[in-house]
Amino acid sequence: ACVALLCVFFFVASACSLRFARLPSKRVQPLRISEVVDQGDPARRASLRMILKGLEADELQQSQRALGSYEEALRVDPTNPYAYLAIARHHAEGPEPEWALSFLDKADALLRAEGRLSPRVEPHLIGLRGQALYAGGQVDAGLPYLERAWDLAPKVWTDGRLSASELR
């Protein structure tokens with residue numbers, strides 16, 4: 001009886017620990033805009049090149065020039081989800097990070113509509129949402145997103161932010 005009781009105890013204990021254990025995530029190599037710059041029609045390709053110029057400007061701490069490039073990318077192709085993603089990244093790093101959230105929603109919706117919501121884009125969408133919430137003072141709301149992004153793409157999201165060079 002003692003052996004049976006001991007076996008039941010270990011079974012229950014192991015079942016409880018499995019229930020609360022964190023399942024390992026499948027890690028991905030996150031998407032870079034430079035990988036998709038030659039995809040799409042001429043307007044999309046031109047828009048993607050403008051995004052790259054904006055990311056270069058952001059790397060050089062030229063915030064206004066970067067934002068101008070992103071806005072130009074949207075004028076050329078208003079349905080380019082990567083332009084919204086780049087603008088979201090730009091705002092998540094800026095003085096009003098909450099502005100990033102609506103651009104993330106738009107990027108997500110366009111990626112889904114185009115059938116381009118790949119596992120390689122998800123860490124950016126998830127992580128930028130966490131970055132914007134965290135930087136905007138909603139630490140408890142942002143941390144789960146940042147942790148999930150880190151699980152998916154630790155090389156990019158270990159520091160809790162997506163730099164312009166990491167997206168470029």
# chains A, B, ... in the order shown; residues from 1 in each chain; ligands from 1
call {"tool": "residues_around", "arguments": {"residues": "region 110-122 of chain A", "least_positions_apart": "5", "cutoff": "6 Å", "atoms": "only C-alpha atoms", "output": "PyMOL selection string"}}
result
chain A and resi 28+30-31+81
call {"tool": "residues_around", "arguments": {"residues": "Phe103 (chain A)", "least_positions_apart": "2", "cutoff": "12 Å", "atoms": "only C-alpha atoms", "output": "PyMOL selection string"}}
result
chain A and resi 70+74+80-92+97-101+105-110+125+128-129+132
call {"tool": "residues_around", "arguments": {"residues": "region 152-164 of chain A", "least_positions_apart": "2", "cutoff": "10 Å", "atoms": "only C-alpha atoms", "output": "PyMOL selection string"}}
result
chain A and resi 24-30+32+52+54-61+86+89-90+92-93+119-120+122-124+126-128+130-132+134-135+142-143+145-150+166-168
call {"tool": "atom_distance", "arguments": {"atom1": "CA of Asp77 (chain A)", "atom2": "CA of Arg45 (chain A)"}}
result
9.0 Å
call {"tool": "residues_around", "arguments": {"residues": "Lys53 (chain A)", "least_positions_apart": "4", "cutoff": "8 Å", "atoms": "only C-alpha atoms", "output": "list in words"}}
result
Arg49, Ala57, Ala66 and Ser69 of chain A
call {"tool": "write_last_selection", "arguments": {"atoms": "C-alpha atoms", "output": "mmCIF file, in the first residue's frame"}}
result
data_model
loop_
_atom_site.group_PDB
_atom_site.id
_atom_site.type_symbol
_atom_site.label_atom_id
_atom_site.label_comp_id
_atom_site.auth_asym_id
_atom_site.auth_seq_id
_atom_site.Cartn_x
_atom_site.Cartn_y
_atom_site.Cartn_z
ATOM 1 C CA ARG A 49 13.501 50.484 -50.758
ATOM 2 C CA ALA A 57 18.376 56.951 -41.134
ATOM 3 C CA ALA A 66 13.586 58.146 -41.074
ATOM 4 C CA SER A 69 11.124 57.829 -45.583
#
call {"tool": "atom_distance", "arguments": {"atom1": "CA of Ser63 (chain A)", "atom2": "CA of Val36 (chain A)"}}
result
23.3 Å
call {"tool": "select_by_dssp", "arguments": {"residues": "region 69-125 of chain A", "states": "alpha helix (DSSP H)", "output": "ChimeraX atom specification"}}
result
/A:69-76,81-92,100-114,122-125
call {"tool": "decode", "arguments": {"residues": "region 85-115 of chain A", "atoms": "N, CA, C and O atoms", "output": "PDB file, in the first residue's frame"}}
result
ATOM      1  N   LEU A  85       5.035  48.199 -40.150  1.00  0.00           N
ATOM      2  CA  LEU A  85       5.904  47.556 -39.168  1.00  0.00           C
ATOM      3  C   LEU A  85       7.097  48.459 -38.827  1.00  0.00           C
ATOM      4  O   LEU A  85       7.448  48.629 -37.657  1.00  0.00           O
ATOM      5  N   ALA A  86       7.697  49.057 -39.847  1.00  0.00           N
ATOM      6  CA  ALA A  86       8.845  49.949 -39.622  1.00  0.00           C
ATOM      7  C   ALA A  86       8.433  51.191 -38.841  1.00  0.00           C
ATOM      8  O   ALA A  86       9.168  51.653 -37.957  1.00  0.00           O
ATOM      9  N   ILE A  87       7.265  51.733 -39.143  1.00  0.00           N
ATOM     10  CA  ILE A  87       6.777  52.907 -38.402  1.00  0.00           C
ATOM     11  C   ILE A  87       6.496  52.523 -36.952  1.00  0.00           C
ATOM     12  O   ILE A  87       6.799  53.289 -36.031  1.00  0.00           O
ATOM     13  N   ALA A  88       5.937  51.343 -36.749  1.00  0.00           N
ATOM     14  CA  ALA A  88       5.678  50.880 -35.381  1.00  0.00           C
ATOM     15  C   ALA A  88       6.996  50.762 -34.617  1.00  0.00           C
ATOM     16  O   ALA A  88       7.097  51.192 -33.468  1.00  0.00           O
ATOM     17  N   ARG A  89       8.020  50.201 -35.249  1.00  0.00           N
ATOM     18  CA  ARG A  89       9.331  50.092 -34.610  1.00  0.00           C
ATOM     19  C   ARG A  89       9.881  51.470 -34.265  1.00  0.00           C
ATOM     20  O   ARG A  89      10.380  51.710 -33.181  1.00  0.00           O
ATOM     21  N   HIS A  90       9.723  52.396 -35.190  1.00  0.00           N
ATOM     22  CA  HIS A  90      10.191  53.778 -34.994  1.00  0.00           C
ATOM     23  C   HIS A  90       9.506  54.419 -33.775  1.00  0.00           C
ATOM     24  O   HIS A  90      10.171  55.007 -32.923  1.00  0.00           O
ATOM     25  N   HIS A  91       8.192  54.281 -33.698  1.00  0.00           N
ATOM     26  CA  HIS A  91       7.454  54.881 -32.580  1.00  0.00           C
ATOM     27  C   HIS A  91       7.709  54.157 -31.251  1.00  0.00           C
ATOM     28  O   HIS A  91       7.720  54.803 -30.199  1.00  0.00           O
ATOM     29  N   ALA A  92       7.895  52.855 -31.297  1.00  0.00           N
ATOM     30  CA  ALA A  92       8.162  52.103 -30.060  1.00  0.00           C
ATOM     31  C   ALA A  92       9.439  52.589 -29.389  1.00  0.00           C
ATOM     32  O   ALA A  92       9.570  52.518 -28.173  1.00  0.00           O
ATOM     33  N   GLU A  93      10.363  53.125 -30.181  1.00  0.00           N
ATOM     34  CA  GLU A  93      11.624  53.653 -29.648  1.00  0.00           C
ATOM     35  C   GLU A  93      11.524  55.135 -29.293  1.00  0.00           C
ATOM     36  O   GLU A  93      12.442  55.681 -28.701  1.00  0.00           O
ATOM     37  N   GLY A  94      10.439  55.768 -29.692  1.00  0.00           N
ATOM     38  CA  GLY A  94      10.324  57.214 -29.547  1.00  0.00           C
ATOM     39  C   GLY A  94       9.703  57.666 -28.236  1.00  0.00           C
ATOM     40  O   GLY A  94       9.445  56.871 -27.331  1.00  0.00           O
ATOM     41  N   PRO A  95       9.430  58.966 -28.159  1.00  0.00           N
ATOM     42  CA  PRO A  95       8.908  59.535 -26.910  1.00  0.00           C
ATOM     43  C   PRO A  95       7.465  59.143 -26.600  1.00  0.00           C
ATOM     44  O   PRO A  95       7.039  59.237 -25.451  1.00  0.00           O
ATOM     45  N   GLU A  96       6.707  58.713 -27.595  1.00  0.00           N
ATOM     46  CA  GLU A  96       5.318  58.280 -27.380  1.00  0.00           C
ATOM     47  C   GLU A  96       5.134  56.873 -27.956  1.00  0.00           C
ATOM     48  O   GLU A  96       4.528  56.695 -29.011  1.00  0.00           O
ATOM     49  N   PRO A  97       5.660  55.876 -27.251  1.00  0.00           N
ATOM     50  CA  PRO A  97       5.670  54.519 -27.796  1.00  0.00           C
ATOM     51  C   PRO A  97       4.287  53.923 -28.042  1.00  0.00           C
ATOM     52  O   PRO A  97       4.148  53.016 -28.866  1.00  0.00           O
ATOM     53  N   GLU A  98       3.266  54.447 -27.368  1.00  0.00           N
ATOM     54  CA  GLU A  98       1.910  53.911 -27.571  1.00  0.00           C
ATOM     55  C   GLU A  98       1.440  54.093 -29.008  1.00  0.00           C
ATOM     56  O   GLU A  98       0.560  53.369 -29.475  1.00  0.00           O
ATOM     57  N   TRP A  99       1.994  55.063 -29.720  1.00  0.00           N
ATOM     58  CA  TRP A  99       1.618  55.278 -31.122  1.00  0.00           C
ATOM     59  C   TRP A  99       1.927  54.055 -31.968  1.00  0.00           C
ATOM     60  O   TRP A  99       1.316  53.847 -33.018  1.00  0.00           O
ATOM     61  N   ALA A 100       2.857  53.246 -31.531  1.00  0.00           N
ATOM     62  CA  ALA A 100       3.239  52.059 -32.291  1.00  0.00           C
ATOM     63  C   ALA A 100       2.098  51.055 -32.399  1.00  0.00           C
ATOM     64  O   ALA A 100       2.011  50.319 -33.387  1.00  0.00           O
ATOM     65  N   LEU A 101       1.217  51.032 -31.432  1.00  0.00           N
ATOM     66  CA  LEU A 101       0.196  49.978 -31.369  1.00  0.00           C
ATOM     67  C   LEU A 101      -0.744  49.980 -32.562  1.00  0.00           C
ATOM     68  O   LEU A 101      -1.052  48.919 -33.113  1.00  0.00           O
ATOM     69  N   SER A 102      -1.210  51.133 -32.990  1.00  0.00           N
ATOM     70  CA  SER A 102      -2.133  51.160 -34.137  1.00  0.00           C
ATOM     71  C   SER A 102      -1.415  50.762 -35.427  1.00  0.00           C
ATOM     72  O   SER A 102      -2.002  50.115 -36.294  1.00  0.00           O
ATOM     73  N   PHE A 103      -0.133  51.114 -35.543  1.00  0.00           N
ATOM     74  CA  PHE A 103       0.625  50.708 -36.725  1.00  0.00           C
ATOM     75  C   PHE A 103       0.873  49.198 -36.713  1.00  0.00           C
ATOM     76  O   PHE A 103       0.868  48.560 -37.770  1.00  0.00           O
ATOM     77  N   LEU A 104       1.070  48.633 -35.541  1.00  0.00           N
ATOM     78  CA  LEU A 104       1.207  47.182 -35.431  1.00  0.00           C
ATOM     79  C   LEU A 104      -0.073  46.471 -35.845  1.00  0.00           C
ATOM     80  O   LEU A 104      -0.035  45.459 -36.549  1.00  0.00           O
ATOM     81  N   ASP A 105      -1.204  47.001 -35.409  1.00  0.00           N
ATOM     82  CA  ASP A 105      -2.491  46.405 -35.781  1.00  0.00           C
ATOM     83  C   ASP A 105      -2.675  46.430 -37.290  1.00  0.00           C
ATOM     84  O   ASP A 105      -3.137  45.459 -37.889  1.00  0.00           O
ATOM     85  N   LYS A 106      -2.307  47.547 -37.914  1.00  0.00           N
ATOM     86  CA  LYS A 106      -2.442  47.678 -39.372  1.00  0.00           C
ATOM     87  C   LYS A 106      -1.491  46.711 -40.078  1.00  0.00           C
ATOM     88  O   LYS A 106      -1.878  46.045 -41.050  1.00  0.00           O
ATOM     89  N   ALA A 107      -0.237  46.617 -39.609  1.00  0.00           N
ATOM     90  CA  ALA A 107       0.721  45.687 -40.213  1.00  0.00           C
ATOM     91  C   ALA A 107       0.204  44.253 -40.108  1.00  0.00           C
ATOM     92  O   ALA A 107       0.245  43.496 -41.082  1.00  0.00           O
ATOM     93  N   ASP A 108      -0.296  43.888 -38.941  1.00  0.00           N
ATOM     94  CA  ASP A 108      -0.820  42.550 -38.716  1.00  0.00           C
ATOM     95  C   ASP A 108      -1.982  42.260 -39.662  1.00  0.00           C
ATOM     96  O   ASP A 108      -2.025  41.211 -40.310  1.00  0.00           O
ATOM     97  N   ALA A 109      -2.914  43.196 -39.770  1.00  0.00           N
ATOM     98  CA  ALA A 109      -4.083  42.999 -40.638  1.00  0.00           C
ATOM     99  C   ALA A 109      -3.669  42.855 -42.105  1.00  0.00           C
ATOM    100  O   ALA A 109      -4.182  41.976 -42.816  1.00  0.00           O
ATOM    101  N   LEU A 110      -2.735  43.682 -42.552  1.00  0.00           N
ATOM    102  CA  LEU A 110      -2.294  43.598 -43.948  1.00  0.00           C
ATOM    103  C   LEU A 110      -1.513  42.318 -44.219  1.00  0.00           C
ATOM    104  O   LEU A 110      -1.670  41.709 -45.286  1.00  0.00           O
ATOM    105  N   LEU A 111      -0.670  41.916 -43.290  1.00  0.00           N
ATOM    106  CA  LEU A 111       0.066  40.659 -43.461  1.00  0.00           C
ATOM    107  C   LEU A 111      -0.891  39.480 -43.560  1.00  0.00           C
ATOM    108  O   LEU A 111      -0.719  38.592 -44.393  1.00  0.00           O
ATOM    109  N   ARG A 112      -1.918  39.482 -42.717  1.00  0.00           N
ATOM    110  CA  ARG A 112      -2.918  38.405 -42.776  1.00  0.00           C
ATOM    111  C   ARG A 112      -3.676  38.434 -44.097  1.00  0.00           C
ATOM    112  O   ARG A 112      -3.901  37.393 -44.720  1.00  0.00           O
ATOM    113  N   ALA A 113      -4.077  39.622 -44.533  1.00  0.00           N
ATOM    114  CA  ALA A 113      -4.839  39.750 -45.777  1.00  0.00           C
ATOM    115  C   ALA A 113      -4.030  39.279 -46.980  1.00  0.00           C
ATOM    116  O   ALA A 113      -4.588  38.713 -47.923  1.00  0.00           O
ATOM    117  N   GLU A 114      -2.715  39.509 -46.946  1.00  0.00           N
ATOM    118  CA  GLU A 114      -1.861  39.099 -48.057  1.00  0.00           C
ATOM    119  C   GLU A 114      -1.360  37.661 -47.914  1.00  0.00           C
ATOM    120  O   GLU A 114      -0.655  37.166 -48.790  1.00  0.00           O
ATOM    121  N   GLY A 115      -1.688  37.011 -46.804  1.00  0.00           N
ATOM    122  CA  GLY A 115      -1.195  35.664 -46.571  1.00  0.00           C
ATOM    123  C   GLY A 115       0.298  35.631 -46.284  1.00  0.00           C
ATOM    124  O   GLY A 115       0.971  34.648 -46.560  1.00  0.00           O
TER     125      GLY A 115
END
